[in-house]
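Here's work.pdb, which has PDB, C-alpha atoms:
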ATOM      1  CA  MET N 242    -134.333 117.509 -77.711
ATOM      2  CA  LYS N 243    -131.647 120.199 -78.208
ATOM      3  CA  PRO N 244    -128.405 119.621 -76.236
ATOM      4  CA  ASN N 245    -128.727 122.888 -74.312
ATOM      5  CA  ARG N 246    -132.318 122.083 -73.371
ATOM      6  CA  SER N 247    -131.150 118.766 -71.923
ATOM      7  CA  ARG N 248    -128.390 120.526 -69.964
ATOM      8  CA  GLU N 249    -130.891 123.048 -68.597
ATOM      9  CA  ARG N 250    -133.175 120.271 -67.382
ATOM     10  CA  VAL N 251    -130.253 118.541 -65.640
ATOM     11  CA  MET N 252    -129.134 121.769 -63.952
ATOM     12  CA  LEU N 253    -132.680 122.663 -62.906
ATOM     13  CA  LYS N 254    -132.878 119.360 -61.020
ATOM     14  CA  SER N 255    -129.554 120.135 -59.349
ATOM     15  CA  PHE N 256    -130.814 123.636 -58.538
ATOM     16  CA  PHE N 257    -133.884 122.381 -56.664
ATOM     17  CA  VAL N 258    -131.933 119.684 -54.807
ATOM     18  CA  ASN N 259    -129.284 122.179 -53.684
ATOM     19  CA  ILE N 260    -131.745 124.804 -52.498
ATOM     20  CA  THR N 261    -133.568 122.109 -50.490
ATOM     21  CA  LEU N 262    -130.332 120.897 -48.889
ATOM     22  CA  ILE N 263    -129.338 124.457 -47.980
ATOM     23  CA  GLY N 264    -132.622 124.823 -46.100
ATOM     24  CA  VAL N 265    -132.156 121.473 -44.357
ATOM     25  CA  LYS N 266    -128.586 122.312 -43.310
ATOM     26  CA  LEU N 267    -129.405 125.813 -42.081
ATOM     27  CA  ALA N 268    -132.475 124.706 -40.131
ATOM     28  CA  GLY N 269    -130.605 121.714 -38.734
ATOM     29  CA  GLY N 270    -127.521 123.779 -37.867
ATOM     30  CA  PHE N 271    -129.488 126.266 -35.794
ATOM     31  CA  ALA N 272    -131.679 123.538 -34.277
ATOM     32  CA  VAL N 273    -128.760 121.444 -32.996
ATOM     33  CA  ASN N 274    -126.424 124.418 -32.378
ATOM     34  CA  SER N 275    -123.733 123.372 -34.874
ATOM     35  CA  ALA N 276    -121.366 125.977 -36.340
ATOM     36  CA  ALA N 277    -119.978 123.340 -38.711
ATOM     37  CA  LEU N 278    -123.388 122.434 -40.138
ATOM     38  CA  ILE N 279    -124.175 126.131 -40.675
ATOM     39  CA  ALA N 280    -120.802 126.565 -42.403
ATOM     40  CA  ASP N 281    -121.601 123.540 -44.554
ATOM     41  CA  ALA N 282    -124.881 125.200 -45.524
ATOM     42  CA  VAL N 283    -122.915 128.261 -46.605
ATOM     43  CA  HIS N 284    -120.667 125.918 -48.586
ATOM     44  CA  SER N 285    -123.758 124.548 -50.316
ATOM     45  CA  ILE N 286    -124.763 128.083 -51.266
ATOM     46  CA  SER N 287    -121.796 128.050 -53.651
ATOM     47  CA  ASP N 288    -123.375 125.022 -55.365
ATOM     48  CA  PHE N 289    -126.668 126.893 -55.533
ATOM     49  CA  PHE N 290    -125.117 129.962 -57.154
ATOM     50  CA  SER N 291    -123.116 127.683 -59.437
ATOM     51  CA  ASP N 292    -126.358 126.176 -60.726
ATOM     52  CA  VAL N 293    -127.844 129.661 -61.209
ATOM     53  CA  LEU N 294    -124.817 130.859 -63.177
ATOM     54  CA  VAL N 295    -124.726 127.681 -65.266
ATOM     55  CA  LEU N 296    -128.386 128.136 -66.180
ATOM     56  CA  LEU N 297    -127.776 131.772 -67.092
ATOM     57  CA  GLY N 298    -124.693 130.784 -69.064
ATOM     58  CA  LEU N 299    -126.534 128.098 -71.001
ATOM     59  CA  ARG N 300    -129.241 130.578 -71.933
ATOM     60  CA  GLU N 301    -126.813 133.313 -72.995
ATOM     61  CA  SER N 302    -124.504 130.923 -74.835
ATOM     62  CA  GLN N 303    -127.347 129.910 -77.159
ATOM     63  CA  LYS N 304    -127.291 133.325 -78.805
ATOM     64  CA  PRO N 305    -126.165 133.012 -82.428
ATOM     65  CA  PRO N 306    -122.832 134.475 -83.615
ATOM     66  CA  ASP N 307    -122.874 138.167 -84.513
ATOM     67  CA  LYS N 308    -120.462 140.812 -85.820
ATOM     68  CA  GLU N 309    -118.846 141.369 -82.423
ATOM     69  CA  HIS N 310    -118.824 137.652 -81.512
ATOM     70  CA  PRO N 311    -118.273 135.691 -84.749
ATOM     71  CA  LEU N 312    -117.488 132.487 -82.816
ATOM     72  CA  GLY N 313    -120.644 132.668 -80.691
ATOM     73  CA  HIS N 314    -121.223 133.411 -77.013
ATOM     74  CA  GLY N 315    -120.103 130.110 -75.469
ATOM     75  CA  LYS N 316    -117.428 131.656 -73.257
ATOM     76  CA  ILE N 317    -120.015 133.563 -71.225
ATOM     77  CA  GLU N 318    -120.036 130.469 -68.977
ATOM     78  CA  TYR N 319    -116.415 131.113 -68.018
ATOM     79  CA  VAL N 320    -116.972 134.803 -67.311
ATOM     80  CA  LEU N 321    -119.836 133.905 -64.993
ATOM     81  CA  SER N 322    -117.660 131.237 -63.361
ATOM     82  CA  ILE N 323    -115.038 133.860 -62.476
ATOM     83  CA  PHE N 324    -117.700 135.910 -60.701
ATOM     84  CA  LEU N 325    -118.870 132.738 -58.948
ATOM     85  CA  GLY N 326    -115.334 132.024 -57.737
ATOM     86  CA  LEU N 327    -114.974 135.549 -56.373
ATOM     87  CA  GLY N 328    -118.315 135.197 -54.588
ATOM     88  CA  VAL N 329    -117.236 131.887 -53.041
ATOM     89  CA  LEU N 330    -114.000 133.481 -51.758
ATOM     90  CA  PHE N 331    -116.011 136.323 -50.209
ATOM     91  CA  ILE N 332    -118.241 133.798 -48.432
ATOM     92  CA  ALA N 333    -115.157 132.032 -47.049
ATOM     93  CA  TYR N 334    -113.758 135.363 -45.870
ATOM     94  CA  GLN N 335    -116.969 136.140 -43.967
ATOM     95  CA  LEU N 336    -116.950 132.725 -42.295
ATOM     96  CA  ILE N 337    -113.326 132.988 -41.148
ATOM     97  CA  ARG N 338    -113.851 136.595 -40.035
ATOM     98  CA  ASP N 339    -116.780 135.582 -37.807
ATOM     99  CA  MET N 340    -114.756 132.703 -36.350
ATOM    100  CA  VAL N 341    -111.836 135.009 -35.502
ATOM    101  CA  LEU N 342    -114.147 137.550 -33.863
ATOM    102  CA  ASN N 343    -115.727 134.795 -31.733
ATOM    103  CA  ILE N 344    -112.484 132.986 -30.946
ATOM    104  CA  GLY N 345    -112.676 133.856 -27.248
ATOM    105  CA  GLU N 346    -115.990 132.082 -26.715
ATOM    106  CA  GLY N 347    -116.025 128.634 -25.151
ATOM    107  CA  PRO N 348    -116.841 125.384 -26.981
ATOM    108  CA  GLU N 349    -120.401 124.702 -28.081
ATOM    109  CA  VAL N 350    -121.268 121.022 -28.294
ATOM    110  CA  PRO N 351    -124.039 120.360 -30.828
ATOM    111  CA  SER N 352    -126.714 117.735 -30.314
ATOM    112  CA  ILE N 353    -125.685 114.321 -31.588
ATOM    113  CA  TYR N 354    -129.050 114.085 -33.354
ATOM    114  CA  GLY N 355    -127.651 116.491 -35.908
ATOM    115  CA  ALA N 356    -125.504 113.617 -37.180
ATOM    116  CA  PHE N 357    -128.618 112.014 -38.675
ATOM    117  CA  ILE N 358    -129.257 115.201 -40.656
ATOM    118  CA  VAL N 359    -125.715 115.111 -42.004
ATOM    119  CA  ILE N 360    -125.961 111.432 -42.975
ATOM    120  CA  PHE N 361    -129.185 112.177 -44.876
ATOM    121  CA  VAL N 362    -127.517 115.115 -46.659
ATOM    122  CA  ILE N 363    -124.474 113.001 -47.616
ATOM    123  CA  GLY N 364    -126.699 110.326 -49.155
ATOM    124  CA  ILE N 365    -128.690 112.817 -51.249
ATOM    125  CA  LYS N 366    -125.572 114.697 -52.323
ATOM    126  CA  LEU N 367    -123.811 111.509 -53.430
ATOM    127  CA  LEU N 368    -126.803 110.613 -55.604
ATOM    128  CA  LEU N 369    -126.814 114.122 -57.110
ATOM    129  CA  ALA N 370    -123.057 114.059 -57.769
ATOM    130  CA  ARG N 371    -123.311 110.702 -59.534
ATOM    131  CA  TYR N 372    -126.282 111.917 -61.580
ATOM    132  CA  LEU N 373    -124.488 115.097 -62.703
ATOM    133  CA  THR N 374    -121.302 113.212 -63.576
ATOM    134  CA  ASP N 375    -123.184 110.624 -65.645
ATOM    135  CA  GLN N 376    -125.230 113.284 -67.432
ATOM    136  CA  GLY N 377    -122.105 115.360 -68.064
ATOM    137  CA  HIS N 378    -120.500 112.449 -69.901
ATOM    138  CA  LYS N 379    -123.739 111.609 -71.707
ATOM    139  CA  LEU N 380    -124.250 115.197 -72.915
ATOM    140  CA  ASP N 381    -120.517 115.862 -73.403
ATOM    141  CA  SER N 382    -120.849 118.956 -71.206
ATOM    142  CA  GLN N 383    -117.824 120.257 -69.325
ATOM    143  CA  ILE N 384    -119.977 122.558 -67.207
ATOM    144  CA  VAL N 385    -122.266 119.725 -66.049
ATOM    145  CA  LYS N 386    -119.241 117.539 -65.278
ATOM    146  CA  ALA N 387    -117.781 120.419 -63.241
ATOM    147  CA  SER N 388    -121.030 120.688 -61.278
ATOM    148  CA  GLY N 389    -120.740 116.979 -60.503
ATOM    149  CA  LYS N 390    -117.223 117.500 -59.138
ATOM    150  CA  GLU N 391    -118.478 120.428 -57.078
ATOM    151  CA  SER N 392    -121.158 118.192 -55.567
ATOM    152  CA  PHE N 393    -118.570 115.560 -54.617
ATOM    153  CA  THR N 394    -116.571 118.325 -52.898
ATOM    154  CA  ASP N 395    -119.698 119.280 -50.966
ATOM    155  CA  VAL N 396    -119.924 115.660 -49.756
ATOM    156  CA  LEU N 397    -116.409 115.963 -48.314
ATOM    157  CA  GLY N 398    -117.513 119.031 -46.375
ATOM    158  CA  SER N 399    -120.452 117.122 -44.904
ATOM    159  CA  VAL N 400    -118.133 114.272 -43.912
ATOM    160  CA  VAL N 401    -116.016 116.803 -41.993
ATOM    161  CA  VAL N 402    -119.168 118.020 -40.248
ATOM    162  CA  LEU N 403    -120.077 114.464 -39.323
ATOM    163  CA  GLY N 404    -116.637 113.929 -37.812
ATOM    164  CA  GLY N 405    -117.042 117.129 -35.807
ATOM    165  CA  PHE N 406    -120.358 115.879 -34.405
ATOM    166  CA  PHE N 407    -118.951 112.595 -33.184
ATOM    167  CA  LEU N 408    -115.771 114.083 -31.720
ATOM    168  CA  SER N 409    -117.757 116.774 -29.906
ATOM    169  CA  TYR N 410    -120.112 114.117 -28.573
ATOM    170  CA  LEU N 411    -117.185 112.057 -27.282
ATOM    171  CA  GLY N 412    -115.708 115.146 -25.672
ATOM    172  CA  GLU N 413    -118.985 115.831 -23.889
ATOM    173  CA  GLN N 414    -119.439 112.241 -22.753
ATOM    174  CA  PHE N 415    -115.891 111.767 -21.456
ATOM    175  CA  SER N 416    -115.230 115.372 -20.366
ATOM    176  CA  ILE N 417    -112.389 115.848 -22.857
ATOM    177  CA  THR N 418    -112.287 119.616 -23.314
ATOM    178  CA  VAL N 419    -110.214 119.671 -26.493
ATOM    179  CA  LEU N 420    -112.712 117.420 -28.289
ATOM    180  CA  LYS N 421    -115.528 119.799 -27.420
ATOM    181  CA  TYR N 422    -114.008 122.257 -29.895
ATOM    182  CA  ALA N 423    -114.314 119.741 -32.754
ATOM    183  CA  ASP N 424    -117.423 121.394 -34.191
ATOM    184  CA  LYS N 425    -115.683 124.780 -34.426
ATOM    185  CA  VAL N 426    -112.574 123.169 -35.908
ATOM    186  CA  ALA N 427    -114.780 121.442 -38.494
ATOM    187  CA  ALA N 428    -116.351 124.802 -39.363
ATOM    188  CA  PHE N 429    -112.878 126.282 -39.901
ATOM    189  CA  LEU N 430    -111.845 123.341 -42.120
ATOM    190  CA  ILE N 431    -114.956 123.825 -44.230
ATOM    191  CA  ALA N 432    -114.065 127.511 -44.635
ATOM    192  CA  LEU N 433    -110.649 126.427 -45.950
ATOM    193  CA  LEU N 434    -112.377 123.966 -48.279
ATOM    194  CA  ILE N 435    -114.564 126.788 -49.600
ATOM    195  CA  ILE N 436    -111.434 128.860 -50.313
ATOM    196  CA  ARG N 437    -109.975 125.945 -52.256
ATOM    197  CA  VAL N 438    -113.198 125.604 -54.269
ATOM    198  CA  GLY N 439    -113.242 129.330 -55.083
ATOM    199  CA  ILE N 440    -109.612 129.352 -56.250
ATOM    200  CA  ARG N 441    -110.182 126.229 -58.357
ATOM    201  CA  ILE N 442    -113.277 127.711 -60.021
ATOM    202  CA  ILE N 443    -111.408 130.902 -60.953
ATOM    203  CA  HIS N 444    -108.322 129.015 -62.153
ATOM    204  CA  GLU N 445    -110.324 126.662 -64.386
ATOM    205  CA  ALA N 446    -112.413 129.511 -65.798
ATOM    206  CA  ILE N 447    -109.305 131.518 -66.714
ATOM    207  CA  THR N 448    -107.768 128.410 -68.300
ATOM    208  CA  PHE N 449    -110.801 127.999 -70.553
ATOM    209  CA  VAL N 450    -110.927 131.729 -71.391
ATOM    210  CA  LEU N 451    -107.324 131.487 -72.609
ATOM    211  CA  GLY N 452    -108.371 128.645 -74.932
ATOM    212  CA  LYS N 453    -108.208 125.165 -73.453
ATOM    213  CA  SER N 454    -107.959 122.217 -75.796
ATOM    214  CA  ALA N 455    -110.826 119.756 -76.048
ATOM    215  CA  PRO N 456    -110.352 116.426 -74.209
ATOM    216  CA  LYS N 457    -108.162 113.848 -75.948
ATOM    217  CA  GLU N 458    -111.098 111.465 -76.421
ATOM    218  CA  THR N 459    -113.064 114.214 -78.189
ATOM    219  CA  ILE N 460    -110.180 114.929 -80.566
ATOM    220  CA  ASN N 461    -109.828 111.202 -81.299
ATOM    221  CA  ALA N 462    -113.554 110.956 -82.036
ATOM    222  CA  ILE N 463    -113.292 113.928 -84.407
ATOM    223  CA  ARG N 464    -110.359 112.271 -86.196
ATOM    224  CA  GLU N 465    -112.310 109.023 -86.647
ATOM    225  CA  THR N 466    -115.296 110.888 -88.071
ATOM    226  CA  VAL N 467    -113.133 112.818 -90.546
ATOM    227  CA  LEU N 468    -111.378 109.670 -91.784
ATOM    228  CA  GLU N 469    -114.771 108.151 -92.620
ATOM    229  CA  VAL N 470    -115.533 110.920 -95.120
ATOM    230  CA  ASN N 471    -115.082 109.756 -98.712
ATOM    231  CA  GLY N 472    -111.958 111.262-100.261
ATOM    232  CA  VAL N 473    -110.089 111.935 -97.009
ATOM    233  CA  ARG N 474    -106.834 109.981 -96.948
ATOM    234  CA  GLY N 475    -105.469 111.269 -93.669
ATOM    235  CA  VAL N 476    -105.548 113.950 -90.987
ATOM    236  CA  ASP N 477    -102.381 115.966 -90.366
ATOM    237  CA  THR N 478    -103.452 118.186 -87.468
ATOM    238  CA  ILE N 479    -106.521 118.875 -85.367
ATOM    239  CA  THR N 480    -106.957 121.865 -83.077
ATOM    240  CA  ALA N 481    -110.167 121.801 -81.036
ATOM    241  CA  ILE N 482    -110.770 124.602 -78.536
ATOM    242  CA  THR N 483    -113.415 124.314 -75.829
ATOM    243  CA  TYR N 484    -115.817 127.199 -76.243
ATOM    244  CA  GLY N 485    -118.397 126.890 -73.513
ATOM    245  CA  HIS N 486    -120.672 123.953 -74.281
ATOM    246  CA  TYR N 487    -119.307 123.484 -77.810
ATOM    247  CA  TYR N 488    -115.987 123.362 -79.697
ATOM    248  CA  GLN N 489    -114.293 125.396 -82.406
ATOM    249  CA  VAL N 490    -112.180 123.172 -84.651
ATOM    250  CA  THR N 491    -109.393 123.774 -87.168
ATOM    251  CA  LEU N 492    -107.941 120.775 -89.015
ATOM    252  CA  ASP N 493    -105.681 119.861 -91.920
ATOM    253  CA  ILE N 494    -106.866 116.926 -94.012
ATOM    254  CA  VAL N 495    -104.964 114.994 -96.668
ATOM    255  CA  VAL N 496    -106.567 114.384-100.088
ATOM    256  CA  ASP N 497    -105.391 113.042-103.440
ATOM    257  CA  GLY N 498    -102.958 115.591-104.879
ATOM    258  CA  GLN N 499    -104.351 115.050-108.379
ATOM    259  CA  LEU N 500    -107.848 116.262-107.463
ATOM    260  CA  SER N 501    -109.190 119.520-108.849
ATOM    261  CA  VAL N 502    -109.550 122.535-106.568
ATOM    262  CA  GLU N 503    -113.319 122.214-106.864
ATOM    263  CA  LYS N 504    -113.298 118.539-105.780
ATOM    264  CA  GLY N 505    -110.987 119.302-102.878
ATOM    265  CA  HIS N 506    -113.325 122.104-101.812
ATOM    266  CA  ASP N 507    -116.302 119.715-101.934
ATOM    267  CA  ILE N 508    -114.485 117.226 -99.659
ATOM    268  CA  ALA N 509    -113.591 119.975 -97.185
ATOM    269  CA  HIS N 510    -117.216 121.157 -97.196
ATOM    270  CA  GLU N 511    -118.451 117.612 -96.524
ATOM    271  CA  VAL N 512    -115.957 117.232 -93.644
ATOM    272  CA  ARG N 513    -117.188 120.460 -92.080
ATOM    273  CA  ASP N 514    -120.860 119.527 -92.420
ATOM    274  CA  THR N 515    -120.235 116.020 -91.066
ATOM    275  CA  LEU N 516    -118.416 117.355 -88.004
ATOM    276  CA  THR N 517    -121.022 119.996 -87.135
ATOM    277  CA  HIS N 518    -123.786 117.419 -87.579
ATOM    278  CA  ASN N 519    -122.232 114.580 -85.560
ATOM    279  CA  HIS N 520    -120.274 116.446 -82.882
ATOM    280  CA  ASN N 521    -120.855 119.370 -80.566
ATOM    281  CA  ILE N 522    -118.982 121.714 -82.907
ATOM    282  CA  GLN N 523    -120.064 125.261 -83.698
ATOM    283  CA  GLU N 524    -117.665 125.820 -86.587
ATOM    284  CA  ALA N 525    -114.955 123.768 -88.308
ATOM    285  CA  VAL N 526    -112.264 125.331 -90.478
ATOM    286  CA  VAL N 527    -110.863 122.717 -92.873
ATOM    287  CA  HIS N 528    -107.525 123.108 -94.670
ATOM    288  CA  ILE N 529    -106.554 120.797 -97.505
ATOM    289  CA  ASN N 530    -103.097 119.250 -97.927
ATOM    290  CA  PRO N 531    -102.222 117.235-101.062
ATOM    291  CA  GLU N 532    -101.038 113.689-100.487
ATOM    292  CA  VAL N 533     -97.291 113.428-100.949
ATOM    293  CA  THR N 534     -96.242 110.487-103.096
ATOM    294  CA  SER N 535     -92.658 109.293-103.240
TER
END
Let me see whether you can do it: turn the structure in this file into structure tokens.
Amino acid sequence: MKPNRSRERVMLKSFFVNITLIGVKLAGGFAVNSAALIADAVHSISDFFSDVLVLLGLRESQKPPDKEHPLGHGKIEYVLSIFLGLGVLFIAYQLIRDMVLNIGEGPEVPSIYGAFIVIFVIGIKLLLARYLTDQGHKLDSQIVKASGKESFTDVLGSVVVLGGFFLSYLGEQFSITVLKYADKVAAFLIALLIIRVGIRIIHEAITFVLGKSAPKETINAIRETVLEVNGVRGVDTITAITYGHYYQVTLDIVVDGQLSVEKGHDIAHEVRDTLTHNHNIQEAVVHINPEVTS
């Protein structure tokens, strides 16, 4: 199975789980009268759109290189991520705006039964986050790993909602007015969390657009593969840039200084073919340095 096809299948599963949880949170939020649970549903919408953009990005990034994009279309994922981040910030703005406009209203204590909905959501979301993280490492996909982190963040939002439920319930039971506002406070905290998520998405996307280096473990794995090629006596430098779901690599290898130009070219060609075959590398540019003998 092609790597991108595997990533699409993983993200499709995440897509259907997220859209189901959004429905559960929205229905539950209105049913138990919880502003925090509704805000958490809005937070989950960012996960939903994230999955949509990832799927679109994976499809677009599969387009082969062309004259205008000789290194491929992998960075389309980052462009889409910037739009996602802006959309998340707009959602947060709408939530905070509505809270400010309704600030004069009294506290609304949600039904404690809503806590069971939140506990169910937390359990499902934890399983999804673990699944995405494991698959991200298995498929060596930064975008799938990022979706796993986003899911863990969503769990934190649901934990805040759960705390709001219990504090509101205590305020109702013991007539503690300040605790009755816990659900609204939780909704505000989730709005702040959404802002943080939006800023982080935009920041990471811009970092990758500028040309972020591949992870250290990936570079080490590339080095080990190169050193196994017959005729390679060392590796001077490796530059590996993350380019969507694949890498672009430039490296300097060391070969016997007495070799002919043709033999050195053959070794460089074998290094390039070995890297593109064994690693998630779109293109490898190999420079040859003669071994210096004292």
Expected selection from the PyMOL selection byres ((chain N and resi 532) around 7), given as a ChimeraX atom specification: /N:495-498,530-531,533-534
Selected residues written out with C-alpha atoms, as an mmCIF file, in the frame of the given file:
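again_36.cif written:
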data_model
loop_
_atom_site.group_PDB
_atom_site.id
_atom_site.type_symbol
_atom_site.label_atom_id
_atom_site.label_comp_id
_atom_site.auth_asym_id
_atom_site.auth_seq_id
_atom_site.Cartn_x
_atom_site.Cartn_y
_atom_site.Cartn_z
ATOM 1 C CA VAL N 495 -104.964 114.994 -96.668
ATOM 2 C CA VAL N 496 -106.567 114.384 -100.088
ATOM 3 C CA ASP N 497 -105.391 113.042 -103.440
ATOM 4 C CA GLY N 498 -102.958 115.591 -104.879
ATOM 5 C CA ASN N 530 -103.097 119.250 -97.927
ATOM 6 C CA PRO N 531 -102.222 117.235 -101.062
ATOM 7 C CA VAL N 533 -97.291 113.428 -100.949
ATOM 8 C CA THR N 534 -96.242 110.487 -103.096
#
Separation of atom CA of Arg250 of chain N from atom CA of Lys390 of chain N, in Å and rounded to one decimal: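 These atoms are spaced 18.2 Å apart.
Nearest-residue note for Thr517 of chain N: choosing from N:Ala423, N:Ile263, N:Ile463, N:Leu325, the minimum distance belongs to N:Ile463, counting all atoms listed in the file.
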Nearest to Asn471 of chain N by atom-to-atom distance, counting only C-alpha atoms, from N:Asp507, N:Phe361, N:Ile286, N:Phe324: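 Looking only at the distances to Asn471 of chain N, the closest residue turns out to be N:Asp507.
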Test item: the PyMOL selection byres ((chain N and resi 451) around 12) resolved as a ChimeraX atom specification: /N:316,319-320,444-450,452-454,482-484
Result set of the PyMOL selection byres ((chain N and resi 513) around 10) on the coordinates above, as a list in words: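 In the shown coordinates, the PyMOL selection byres ((chain N and resi 513) around 10) covers Val467, Val490, Thr491, Leu492, Asp507, Ile508, Ala509, His510, Glu511, Val512, Asp514, Thr515, Leu516, Thr517, His518, Ile522, Glu524, Ala525, Val526 and Val527 of chain N.
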For Ala432 of chain N: contacts at 7 Å, only C-alpha atoms, fewer than 6 positions along chain excluded, given as a ChimeraX atom specification: /N:333,336-337
Distance query Glu391 of chain N at most 10 Å, only C-alpha atoms, self and fewer than 5 positions along chain excluded, as number ranges by chain: N: 285, 287-288, 291, 370, 373, 385-386, 396, 438, 442
Excluding Glu458 of chain N and its own-chain neighbours fewer than 6 positions away, which residues fall within 12 Å of it when counting all atoms listed in the file? Please give them as a CSV table (one decimal) with C-alpha atoms, keeping the file's coordinate frame.
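After the write, result.csv holds the following:
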chain,number,residue,atom,x,y,z
N,378,HIS,CA,-120.5,112.4,-69.9
N,381,ASP,CA,-120.5,115.9,-73.4
N,464,ARG,CA,-110.4,112.3,-86.2
N,465,GLU,CA,-112.3,109.0,-86.6
N,481,ALA,CA,-110.2,121.8,-81.0
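Using all atoms listed in the file, the smallest distance between any of N:Lys504, N:Lys457, N:Lys308, N:Arg441 and Ser322 of chain N comes from N:Arg441.
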Atomic separation - atom CA of Leu278 of chain N relative to atom CA of Val265 of chain N, Å: 9.8 Å
Interatomic distance, atom CA of Ile431 of chain N to atom CA of Leu397 of chain N (Å, one decimal):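 Separation between atom CA of Ile431 of chain N and atom CA of Leu397 of chain N: 9.0 Å.
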